[in-house]
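Student: Structure: query-v6.csv, CSV, C-alpha atoms and all ligand atoms.
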```
chain,number,residue,atom,x,y,z
G,18,MET,CA,81.0,101.6,99.1
G,19,ALA,CA,80.7,104.1,101.9
G,20,LYS,CA,83.7,106.4,102.4
G,21,LYS,CA,85.7,105.9,105.5
G,22,ARG,CA,85.3,108.5,108.1
G,23,VAL,CA,88.2,110.7,109.2
G,24,PHE,CA,88.3,112.9,112.3
G,25,SER,CA,91.0,115.3,113.5
G,26,GLY,CA,91.2,118.6,115.4
G,27,ILE,CA,93.5,121.4,116.5
G,28,GLN,CA,93.3,123.5,119.7
G,29,PRO,CA,92.5,127.2,119.3
G,30,THR,CA,95.5,128.1,121.4
G,31,GLY,CA,97.2,130.6,119.0
G,32,ILE,CA,98.0,131.1,115.4
G,33,LEU,CA,98.5,127.9,113.4
G,34,HIS,CA,102.1,127.1,112.6
G,35,ILE,CA,103.9,125.1,109.9
G,36,GLY,CA,104.2,122.2,112.4
G,37,ASN,CA,100.3,122.0,112.5
G,38,TYR,CA,100.2,122.5,108.7
G,39,LEU,CA,102.8,119.9,107.8
G,40,GLY,CA,102.0,117.4,110.6
G,41,ALA,CA,98.2,117.5,110.4
G,42,ILE,CA,96.4,119.9,108.0
G,43,LYS,CA,98.3,119.0,104.8
G,44,ASN,CA,97.3,115.4,105.4
G,45,TRP,CA,93.7,116.4,106.0
G,46,VAL,CA,93.6,118.1,102.6
G,47,SER,CA,95.0,114.9,100.9
G,48,LEU,CA,92.0,112.9,102.3
G,49,LEU,CA,89.2,115.2,101.3
G,50,ASP,CA,88.2,113.6,98.0
G,51,ASP,CA,88.1,110.0,99.1
G,52,HIS,CA,86.9,110.2,102.7
G,53,ASP,CA,84.1,111.5,104.8
G,54,CYS,CA,86.1,114.1,106.7
G,55,ILE,CA,85.2,115.9,110.0
G,56,PHE,CA,87.6,118.5,111.2
G,57,CYS,CA,87.1,120.1,114.6
G,58,ILE,CA,88.4,123.2,116.5
G,59,VAL,CA,88.8,121.7,119.9
G,60,ASP,CA,88.0,124.5,122.3
G,61,TYR,CA,87.1,122.2,125.2
G,62,HIS,CA,90.7,120.9,125.0
G,63,ALA,CA,92.1,124.4,124.9
G,64,ILE,CA,90.6,125.4,128.3
G,65,THR,CA,92.6,122.6,130.1
G,66,VAL,CA,95.5,125.1,130.6
G,67,PRO,CA,95.4,128.7,131.6
G,68,TYR,CA,93.9,130.9,128.8
G,69,GLU,CA,92.3,134.3,128.2
G,70,PRO,CA,88.5,134.0,127.8
G,71,ALA,CA,88.2,137.3,126.1
G,72,GLU,CA,90.4,136.0,123.3
G,73,MET,CA,88.8,132.6,122.8
G,74,GLN,CA,86.3,133.5,120.1
G,75,ASN,CA,89.0,135.3,118.0
G,76,ARG,CA,91.2,132.3,118.3
G,77,ILE,CA,88.4,130.0,117.2
G,78,PHE,CA,87.7,132.2,114.2
G,79,ASP,CA,91.4,132.3,113.3
G,80,ALA,CA,91.6,128.5,113.4
G,81,ALA,CA,88.7,128.2,111.1
G,82,LEU,CA,90.2,130.7,108.8
G,83,GLY,CA,93.5,128.9,108.9
G,84,TYR,CA,92.0,125.5,108.1
G,85,ILE,CA,90.1,126.9,105.0
G,86,ALA,CA,93.1,129.0,103.9
G,87,CYS,CA,95.3,125.8,104.0
G,88,GLY,CA,92.9,124.1,101.6
G,89,VAL,CA,90.4,122.3,103.9
G,90,ASP,CA,87.5,122.9,101.6
G,91,PRO,CA,84.2,123.2,103.5
G,92,GLU,CA,82.4,122.0,100.4
G,93,LYS,CA,84.1,118.7,100.9
G,94,CYS,CA,84.0,118.2,104.6
G,95,SER,CA,82.5,119.3,107.9
G,96,ILE,CA,84.3,121.9,110.0
G,97,PHE,CA,82.9,122.8,113.4
G,98,VAL,CA,83.7,124.0,117.0
G,99,GLN,CA,83.8,121.3,119.6
G,100,SER,CA,81.7,123.1,122.2
G,101,ASP,CA,78.9,123.5,119.6
G,102,VAL,CA,78.4,119.7,119.9
G,103,PRO,CA,78.2,119.3,123.7
G,104,GLU,CA,77.6,115.6,123.3
G,105,HIS,CA,81.4,115.2,123.2
G,106,THR,CA,81.4,115.9,126.9
G,107,GLU,CA,78.5,113.6,127.6
G,108,LEU,CA,80.3,110.7,125.9
G,109,THR,CA,83.5,111.6,127.8
G,110,TRP,CA,81.6,110.9,131.0
G,111,TYR,CA,80.5,107.5,129.9
G,112,LEU,CA,84.0,106.6,128.7
G,113,ASN,CA,85.5,107.8,132.0
G,114,THR,CA,83.7,105.0,133.6
G,115,VAL,CA,85.5,102.3,131.6
G,116,ILE,CA,89.1,103.6,131.6
G,117,PRO,CA,91.4,103.2,134.7
G,118,VAL,CA,93.0,106.4,136.1
G,119,ALA,CA,96.4,104.7,135.8
G,120,TYR,CA,96.2,104.7,132.0
G,121,LEU,CA,95.8,108.5,132.1
G,122,GLU,CA,98.5,109.2,134.6
G,123,ARG,CA,101.1,107.6,132.3
G,124,MET,CA,100.4,109.9,129.3
G,125,THR,CA,103.5,111.8,128.4
G,126,GLN,CA,101.6,115.0,127.4
G,127,PHE,CA,99.9,114.9,130.9
G,128,LYS,CA,103.3,114.6,132.6
G,129,ASP,CA,104.8,117.4,130.4
G,130,LYS,CA,101.9,119.8,130.9
G,131,SER,CA,101.7,119.0,134.7
G,132,GLU,CA,105.4,120.1,134.8
G,133,GLN,CA,104.7,123.2,132.8
G,134,PHE,CA,101.6,124.2,134.8
G,135,ARG,CA,102.8,122.9,138.2
G,136,ASP,CA,100.5,125.1,140.3
G,137,ASN,CA,97.3,124.2,138.5
G,138,VAL,CA,97.2,120.5,137.4
G,139,THR,CA,93.5,120.1,136.9
G,140,MET,CA,91.2,117.2,136.3
G,141,GLY,CA,90.7,118.6,132.8
G,142,LEU,CA,94.3,118.1,132.0
G,143,LEU,CA,94.3,114.5,133.3
G,144,ASP,CA,91.0,113.7,131.4
G,145,TYR,CA,92.1,115.4,128.1
G,146,PRO,CA,92.8,112.1,126.4
G,147,VAL,CA,89.4,110.7,127.3
G,148,LEU,CA,87.7,113.8,125.8
G,149,GLN,CA,89.9,113.2,122.7
G,150,ALA,CA,88.8,109.6,122.5
G,151,ALA,CA,85.1,110.8,122.8
G,152,ASP,CA,85.8,113.3,119.9
G,153,ILE,CA,86.8,110.5,117.7
G,154,LEU,CA,84.5,107.7,118.8
G,155,ILE,CA,81.4,109.8,118.8
G,156,TYR,CA,81.7,109.9,115.0
G,157,LYS,CA,82.9,106.3,114.8
G,158,ALA,CA,85.9,107.6,112.8
G,159,GLU,CA,88.2,105.0,111.4
G,160,ILE,CA,91.2,107.2,110.5
G,161,VAL,CA,92.8,110.0,112.5
G,162,PRO,CA,95.5,112.0,110.8
G,163,VAL,CA,97.8,113.6,113.4
G,164,GLY,CA,101.4,114.4,114.2
G,165,GLU,CA,103.5,111.8,116.1
G,166,ASP,CA,103.0,113.5,119.4
G,167,GLN,CA,99.4,112.3,119.4
G,168,SER,CA,100.3,108.5,118.9
G,169,GLN,CA,100.0,107.7,122.6
G,170,HIS,CA,96.6,109.4,122.9
G,171,LEU,CA,95.4,107.4,119.9
G,172,GLU,CA,96.6,104.2,121.5
G,173,LEU,CA,94.5,105.2,124.5
G,174,THR,CA,91.5,105.8,122.2
G,175,ARG,CA,91.8,102.3,120.9
G,176,ASP,CA,92.0,101.0,124.6
G,177,VAL,CA,88.8,102.9,125.4
G,178,ALA,CA,87.0,101.6,122.4
G,179,ARG,CA,88.0,98.0,123.2
G,180,LYS,CA,87.1,98.3,126.8
G,181,PHE,CA,83.7,99.8,126.0
G,182,ASN,CA,83.0,97.1,123.3
G,183,ASN,CA,84.0,94.3,125.7
G,184,LEU,CA,81.7,95.6,128.4
G,185,TYR,CA,78.6,96.7,126.4
G,186,GLY,CA,78.9,95.1,123.0
G,187,GLU,CA,80.4,96.0,119.7
G,188,THR,CA,79.9,99.8,119.3
G,189,PHE,CA,83.1,101.6,118.3
G,190,PRO,CA,85.6,100.9,115.6
G,191,GLU,CA,89.3,101.0,116.8
G,192,PRO,CA,90.6,104.0,114.8
G,193,ARG,CA,93.8,104.0,112.9
G,194,THR,CA,96.5,106.7,113.5
G,195,LEU,CA,97.6,108.2,110.2
G,196,ILE,CA,101.0,109.9,110.5
G,197,GLY,CA,102.4,111.6,107.5
G,198,LYS,CA,105.9,112.4,106.3
G,199,ALA,CA,106.2,115.3,108.7
G,200,ALA,CA,105.7,113.3,111.9
G,201,ARG,CA,107.5,115.7,114.2
G,202,VAL,CA,108.5,119.1,113.0
G,203,VAL,CA,111.2,120.5,115.2
G,204,GLY,CA,111.0,124.1,116.4
G,205,LEU,CA,113.5,126.8,115.5
G,206,ASP,CA,115.3,126.1,118.8
G,207,GLY,CA,116.4,122.9,117.1
G,208,GLN,CA,115.3,120.8,120.0
G,209,ALA,CA,111.7,120.7,121.0
G,210,LYS,CA,108.7,120.0,118.8
G,211,MET,CA,107.5,123.2,117.0
G,212,SER,CA,104.7,124.4,119.3
G,213,LYS,CA,102.5,127.5,119.9
G,214,THR,CA,103.3,127.7,123.6
G,215,LEU,CA,107.0,127.3,123.2
G,216,ASN,CA,107.1,130.2,120.7
G,217,ASN,CA,109.6,128.4,118.5
G,218,TYR,CA,107.5,128.4,115.4
G,219,ILE,CA,106.9,129.9,112.0
G,220,SER,CA,103.2,130.7,111.6
G,221,ILE,CA,101.2,129.8,108.4
G,222,THR,CA,100.7,133.6,107.7
G,223,GLU,CA,104.3,134.7,108.5
G,224,LEU,CA,105.4,137.5,106.2
G,225,PRO,CA,108.7,136.8,104.4
G,226,GLU,CA,110.6,139.5,106.3
G,227,GLU,CA,109.4,138.1,109.7
G,228,MET,CA,110.1,134.6,108.6
G,229,TRP,CA,113.6,135.6,107.6
G,230,LYS,CA,114.2,137.3,111.0
G,231,LYS,CA,113.2,134.0,112.8
G,232,LEU,CA,115.1,131.7,110.4
G,233,SER,CA,118.3,133.7,110.4
G,234,VAL,CA,118.8,133.0,114.1
G,235,ALA,CA,117.4,129.4,114.1
G,236,VAL,CA,119.7,126.8,115.6
G,237,THR,CA,121.6,124.6,113.1
G,238,ASP,CA,124.2,121.8,113.4
G,239,PRO,CA,126.3,123.0,116.4
G,240,SER,CA,129.5,121.7,114.8
G,241,ARG,CA,129.3,124.4,112.1
G,242,LYS,CA,130.7,127.4,114.1
G,243,ARG,CA,132.4,129.0,111.1
G,244,ARG,CA,131.5,129.0,107.4
G,245,LYS,CA,134.4,126.7,106.5
G,246,ASP,CA,133.4,124.0,109.0
G,247,THR,CA,131.8,121.0,107.4
G,248,GLY,CA,128.4,120.0,108.8
G,249,ASN,CA,126.1,117.0,109.3
G,250,PRO,CA,122.8,117.7,107.5
G,251,ASP,CA,121.2,114.6,109.1
G,252,ILE,CA,121.1,116.3,112.5
G,253,CYS,CA,120.2,119.8,111.3
G,254,ASN,CA,116.8,121.2,111.8
G,255,ILE,CA,117.0,123.4,108.8
G,256,ARG,CA,117.8,120.4,106.6
G,257,MET,CA,114.7,118.7,107.9
G,258,LEU,CA,112.5,121.7,106.9
G,259,HIS,CA,114.2,121.6,103.5
G,260,ALA,CA,113.0,118.0,103.1
G,261,LEU,CA,109.5,119.2,103.6
G,262,PHE,CA,109.4,122.4,101.5
G,263,SER,CA,112.2,122.4,99.0
G,264,ILE,CA,112.4,120.8,95.5
G,265,GLU,CA,114.8,117.9,95.1
G,266,LYS,CA,117.5,120.0,93.3
G,267,GLU,CA,117.6,122.5,96.2
G,268,GLN,CA,117.8,119.7,98.7
G,269,MET,CA,120.7,118.1,97.0
G,270,TYR,CA,122.5,121.4,96.7
G,271,VAL,CA,122.2,122.2,100.4
G,272,VAL,CA,123.0,118.7,101.6
G,273,GLU,CA,126.1,118.6,99.5
G,274,GLY,CA,127.0,122.2,100.3
G,275,CYS,CA,126.7,121.5,104.1
G,276,ARG,CA,128.9,118.4,104.0
G,277,SER,CA,131.6,120.1,101.9
G,278,ALA,CA,131.3,123.5,103.6
G,279,GLY,CA,130.5,124.8,100.1
G,280,ILE,CA,127.7,126.9,101.4
G,281,GLY,CA,127.2,128.6,104.8
G,282,CYS,CA,124.2,128.1,107.1
G,283,LEU,CA,122.8,131.5,106.2
G,284,ASP,CA,122.8,130.6,102.5
G,285,CYS,CA,121.1,127.4,103.3
G,286,LYS,CA,118.4,129.2,105.4
G,287,LYS,CA,117.9,131.8,102.6
G,288,ILE,CA,117.0,129.0,100.1
G,289,LEU,CA,114.7,127.5,102.8
G,290,SER,CA,113.0,130.8,103.4
G,291,ASP,CA,112.2,131.2,99.7
G,292,ALA,CA,110.9,127.6,99.5
G,293,ILE,CA,108.6,128.1,102.5
G,294,SER,CA,107.4,131.4,101.0
G,295,ARG,CA,106.7,129.7,97.7
G,296,GLU,CA,104.3,127.2,99.4
G,297,MET,CA,102.8,129.4,102.1
G,298,ALA,CA,102.3,132.7,100.1
G,299,PRO,CA,99.0,131.5,98.5
G,300,ILE,CA,97.8,130.3,101.9
G,301,ARG,CA,98.6,133.7,103.4
G,302,GLU,CA,96.8,135.5,100.6
G,303,ARG,CA,93.7,133.3,101.0
G,304,TYR,CA,93.8,133.9,104.7
G,305,GLU,CA,93.8,137.7,104.2
G,306,GLN,CA,91.0,137.5,101.7
G,307,LEU,CA,88.8,135.3,103.8
G,308,LYS,CA,89.4,137.4,107.0
G,309,SER,CA,86.9,140.0,105.8
G,310,ASP,CA,84.2,137.5,105.1
G,311,ARG,CA,83.3,136.7,108.7
G,312,ASP,CA,79.8,135.7,107.9
G,313,LYS,CA,80.9,133.0,105.5
G,314,ILE,CA,83.2,131.4,108.1
G,315,LEU,CA,80.5,131.5,110.8
G,316,THR,CA,78.1,129.8,108.4
G,317,VAL,CA,80.6,127.1,107.7
G,318,LEU,CA,80.9,126.5,111.4
G,319,GLU,CA,77.2,126.5,111.9
G,320,GLU,CA,76.5,124.0,109.1
G,321,GLY,CA,79.4,121.8,110.3
G,322,ALA,CA,78.0,121.8,113.9
G,323,LYS,CA,74.5,121.0,112.6
G,324,ARG,CA,75.6,117.9,110.7
G,325,CYS,CA,78.0,116.7,113.4
G,326,ARG,CA,75.4,117.2,116.2
G,327,GLU,CA,73.0,114.8,114.4
G,328,ILE,CA,75.7,112.1,114.2
G,329,ALA,CA,76.8,112.7,117.8
G,330,GLN,CA,73.2,112.5,119.1
G,331,ASN,CA,72.7,109.1,117.3
G,332,THR,CA,75.8,107.7,118.9
G,333,ILE,CA,74.8,109.0,122.4
G,334,ARG,CA,71.4,107.3,122.0
G,335,GLU,CA,73.1,104.0,121.1
G,336,VAL,CA,75.6,104.3,124.0
G,337,LYS,CA,72.9,105.1,126.5
G,338,LYS,CA,70.8,102.2,125.3
G,339,LYS,CA,73.7,99.8,125.6
G,340,MET,CA,74.6,101.2,129.1
G,341,GLY,CA,71.0,100.8,130.3
G,342,LEU,CA,70.4,104.5,130.6
G,343,LEU,CA,67.6,104.9,128.1
G,344,ARG,CA,64.1,104.7,129.4
G,401,LIG,N1,105.7,120.2,115.6
G,401,LIG,C1,104.7,119.4,115.1
G,401,LIG,N2,105.1,118.5,114.2
G,401,LIG,C2,104.1,117.7,113.6
G,401,LIG,N3,102.8,117.8,114.0
G,401,LIG,C3,102.4,118.7,114.9
G,401,LIG,N4,101.3,119.0,115.5
G,401,LIG,C4,101.4,120.0,116.3
G,401,LIG,N5,102.7,120.4,116.4
G,401,LIG,C5,103.4,119.6,115.5
G,401,LIG,C6,100.0,118.4,115.1
G,401,LIG,O1,99.0,119.4,115.0
G,401,LIG,C7,97.8,118.9,115.5
G,401,LIG,C8,97.1,119.8,116.4
G,401,LIG,O2,97.9,120.1,117.5
G,401,LIG,P1,97.3,121.0,118.7
G,401,LIG,O3,97.5,122.5,118.5
G,401,LIG,O4,95.9,120.6,119.0
G,401,LIG,O5,98.1,120.6,119.9
G,401,LIG,P2,99.6,120.6,120.0
G,401,LIG,O6,100.2,119.3,119.4
G,401,LIG,O7,99.8,120.7,121.5
G,401,LIG,O8,100.1,121.8,119.2
G,401,LIG,P3,101.1,122.9,119.8
G,401,LIG,O9,101.4,123.9,118.8
G,401,LIG,O10,102.2,122.2,120.5
G,401,LIG,O11,100.1,123.6,120.8
G,401,LIG,P4,100.4,124.0,122.3
G,401,LIG,O12,101.7,124.7,122.3
G,401,LIG,O13,99.2,125.0,122.5
G,401,LIG,O14,100.3,122.8,123.1
G,401,LIG,C9,98.0,117.5,116.1
G,401,LIG,O15,97.7,116.5,115.1
G,401,LIG,C10,99.5,117.5,116.3
G,401,LIG,O16,100.1,116.2,116.2
```
Reformat the file's structure so that it appears as structure tokens.
Ligand code: AQP
Tutor:
Amino acid sequence: MAKKRVFSGIQPTGILHIGNYLGAIKNWVSLLDDHDCIFCIVDYHAITVPYEPAEMQNRIFDAALGYIACGVDPEKCSIFVQSDVPEHTELTWYLNTVIPVAYLERMTQFKDKSEQFRDNVTMGLLDYPVLQAADILIYKAEIVPVGEDQSQHLELTRDVARKFNNLYGETFPEPRTLIGKAARVVGLDGQAKMSKTLNNYISITELPEEMWKKLSVAVTDPSRKRRKDTGNPDICNIRMLHALFSIEKEQMYVVEGCRSAGIGCLDCKKILSDAISREMAPIRERYEQLKSDRDKILTVLEEGAKRCREIAQNTIREVKKKMGLLR
């Protein structure tokens, strides 16, 4: 039986953080053996907000490095850069003709980013989810592993597929959103989603000293003002990270200690810091090793693009035929 196809991507907008790792990449790795996986570095998406062109290629390289260091084995999947397969933008145009503008105007990410970049709300920002739909549908992917913040865009992808199929005949499968245990990793501010632009993150290559600096001032349960105050671990951001990095024994210890004021927030953070280092140290080491092998990374991206371009061109041919655009 053919393996189900998986597609996902991350924007090269800065160093990958543990939100990207837990919310997306760790799930990608778990799918490698039993699925036909395609993972993309979505640079076309990254240019929908202000950015520094001179830095783009380094960011793309860093993202590729990050994927592989986190365990996305290029021997078991395709890794490529979105703009190396320009058919994504061609399909976006065709899909633009089936989806009403009103659907895009209600996207929460569009509303948030329009607020954030009030002076420059571009067409690219509005059209971002259609490009995302094209990224997925061009490979006829059936499974899309992402964090919870992408659920609405995936719903829109299914709308686009349905509308296209209704108008031009069965072409695209409606892809399933796959959300893992870490659906929404909260940032160190204890409020917003961990995010590159909000600078509330721990990167995947953070050195233990740097991580401790960030963790030691991270927001916890506000009711614990002094060490002897009891806390509520269920509302604490640090407890949530424990659930994702610590072993069961450590989790029970910090939950009980927080409820009974048996341990302070700093003690709790120290255990977390060690647990994160335990998981991330091998990733950081692999990242450092791979960094000097630029050619190897570039070859992975070239081979990935070659394979993906072939699939994408086949889909474009089929779409054009169905839309009456093929002579
Ligand atoms: N905090 C998070 N918790 C769980 N999943 C997350 N993801 C991102 N942040 C979290 C997941 O990572 C994948 C790629 O995200 P992206 O970089 O393409 O875009 P993003 O979601 O906008 O990530 P950032 O860090 O917030 O980037 P900026 O600040 O540049 O906008 C997606 O699967 C996402 O769900």
Student: Counting all atoms listed in the file, what residues are within 9 Å of ligand LIG 401 (chain G), given as a PDB file with C-alpha atoms, keeping the file's coordinate frame?
Tutor:
```pdb
ATOM      1  CA  SER G  25      91.000 115.300 113.500  1.00  0.00           C
ATOM      2  CA  GLY G  26      91.200 118.600 115.400  1.00  0.00           C
ATOM      3  CA  ILE G  27      93.500 121.400 116.500  1.00  0.00           C
ATOM      4  CA  GLN G  28      93.300 123.500 119.700  1.00  0.00           C
ATOM      5  CA  PRO G  29      92.500 127.200 119.300  1.00  0.00           C
ATOM      6  CA  THR G  30      95.500 128.100 121.400  1.00  0.00           C
ATOM      7  CA  GLY G  31      97.200 130.600 119.000  1.00  0.00           C
ATOM      8  CA  ILE G  32      98.000 131.100 115.400  1.00  0.00           C
ATOM      9  CA  LEU G  33      98.500 127.900 113.400  1.00  0.00           C
ATOM     10  CA  HIS G  34     102.100 127.100 112.600  1.00  0.00           C
ATOM     11  CA  ILE G  35     103.900 125.100 109.900  1.00  0.00           C
ATOM     12  CA  GLY G  36     104.200 122.200 112.400  1.00  0.00           C
ATOM     13  CA  ASN G  37     100.300 122.000 112.500  1.00  0.00           C
ATOM     14  CA  TYR G  38     100.200 122.500 108.700  1.00  0.00           C
ATOM     15  CA  LEU G  39     102.800 119.900 107.800  1.00  0.00           C
ATOM     16  CA  GLY G  40     102.000 117.400 110.600  1.00  0.00           C
ATOM     17  CA  ALA G  41      98.200 117.500 110.400  1.00  0.00           C
ATOM     18  CA  ILE G  42      96.400 119.900 108.000  1.00  0.00           C
ATOM     19  CA  ILE G  58      88.400 123.200 116.500  1.00  0.00           C
ATOM     20  CA  VAL G  59      88.800 121.700 119.900  1.00  0.00           C
ATOM     21  CA  HIS G  62      90.700 120.900 125.000  1.00  0.00           C
ATOM     22  CA  ALA G  63      92.100 124.400 124.900  1.00  0.00           C
ATOM     23  CA  VAL G  66      95.500 125.100 130.600  1.00  0.00           C
ATOM     24  CA  GLN G 126     101.600 115.000 127.400  1.00  0.00           C
ATOM     25  CA  LYS G 130     101.900 119.800 130.900  1.00  0.00           C
ATOM     26  CA  VAL G 161      92.800 110.000 112.500  1.00  0.00           C
ATOM     27  CA  PRO G 162      95.500 112.000 110.800  1.00  0.00           C
ATOM     28  CA  VAL G 163      97.800 113.600 113.400  1.00  0.00           C
ATOM     29  CA  GLY G 164     101.400 114.400 114.200  1.00  0.00           C
ATOM     30  CA  GLU G 165     103.500 111.800 116.100  1.00  0.00           C
ATOM     31  CA  ASP G 166     103.000 113.500 119.400  1.00  0.00           C
ATOM     32  CA  GLN G 167      99.400 112.300 119.400  1.00  0.00           C
ATOM     33  CA  SER G 168     100.300 108.500 118.900  1.00  0.00           C
ATOM     34  CA  ILE G 196     101.000 109.900 110.500  1.00  0.00           C
ATOM     35  CA  GLY G 197     102.400 111.600 107.500  1.00  0.00           C
ATOM     36  CA  ALA G 199     106.200 115.300 108.700  1.00  0.00           C
ATOM     37  CA  ALA G 200     105.700 113.300 111.900  1.00  0.00           C
ATOM     38  CA  ARG G 201     107.500 115.700 114.200  1.00  0.00           C
ATOM     39  CA  VAL G 202     108.500 119.100 113.000  1.00  0.00           C
ATOM     40  CA  VAL G 203     111.200 120.500 115.200  1.00  0.00           C
ATOM     41  CA  GLY G 204     111.000 124.100 116.400  1.00  0.00           C
ATOM     42  CA  ALA G 209     111.700 120.700 121.000  1.00  0.00           C
ATOM     43  CA  LYS G 210     108.700 120.000 118.800  1.00  0.00           C
ATOM     44  CA  MET G 211     107.500 123.200 117.000  1.00  0.00           C
ATOM     45  CA  SER G 212     104.700 124.400 119.300  1.00  0.00           C
ATOM     46  CA  LYS G 213     102.500 127.500 119.900  1.00  0.00           C
ATOM     47  CA  THR G 214     103.300 127.700 123.600  1.00  0.00           C
ATOM     48  CA  LEU G 215     107.000 127.300 123.200  1.00  0.00           C
ATOM     49  CA  ASN G 216     107.100 130.200 120.700  1.00  0.00           C
ATOM     50  CA  TYR G 218     107.500 128.400 115.400  1.00  0.00           C
TER      51      TYR G 218
END
```
Student: Distance cut-off 12 Å, centre (84.9, 113.2, 105.4) in file coordinates, counting only C-alpha atoms: which residues qualify? Return them as a PyMOL selection string.
Tutor: chain G and resi 19-25+45-57+89-96+156-162+321+324-325
Student: Applying 12 Å and only C-alpha atoms, which residues near Ala292 (chain G) remain after dropping the ones on its own chain fewer than 6 positions away? List them as a PyMOL selection string.
Tutor: chain G and resi 225+228-229+255+258-268+285-286+298
Student: Have a look at G:Leu143, G:Leu343, G:Leu315, G:Val336 and name the one nearest to Glu187 (chain G); count all atoms listed in the file.
Tutor: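 Using all atoms listed in the file, the shortest distance to Glu187 (chain G) belongs to G:Val336.
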Student: For the atom pair CA of Thr174 (chain G) and CA of Ala150 (chain G), what is the interatomic distance in Å to one decimal place?
Tutor: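 Computed distance, CA of Thr174 (chain G) to CA of Ala150 (chain G), equals 4.7 Å.
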Student: Pick out the residues sitting within 10 Å of Ala278 (chain G), and hand them over as a compact mmCIF listing (two decimals) with C-alpha atoms, keeping the file's coordinate frame; count only C-alpha atoms, and ignore anything fewer than 3 positions along from it in its own chain.
Tutor:
```
# COMPACT_ATOMS: atom_id res chain seq x y z
CA ARG G 241 129.30 124.40 112.10
CA ARG G 243 132.40 129.00 111.10
CA ARG G 244 131.50 129.00 107.40
CA LYS G 245 134.40 126.70 106.50
CA ASP G 246 133.40 124.00 109.00
CA THR G 247 131.80 121.00 107.40
CA GLY G 248 128.40 120.00 108.80
CA VAL G 271 122.20 122.20 100.40
CA VAL G 272 123.00 118.70 101.60
CA GLU G 273 126.10 118.60 99.50
CA GLY G 274 127.00 122.20 100.30
CA CYS G 275 126.70 121.50 104.10
CA GLY G 281 127.20 128.60 104.80
CA CYS G 282 124.20 128.10 107.10
```
Student: Just to confirm, what's the straight-line distance from CA of Arg76 (chain G) to CA of Asn44 (chain G) in Å (one decimal)?
Tutor: 22.1 Å
Student: In Å to one decimal, how far is CA of Pro67 (chain G) from CA of Trp110 (chain G)?
Tutor: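 Computing it gives 22.5 Å between the two atoms.
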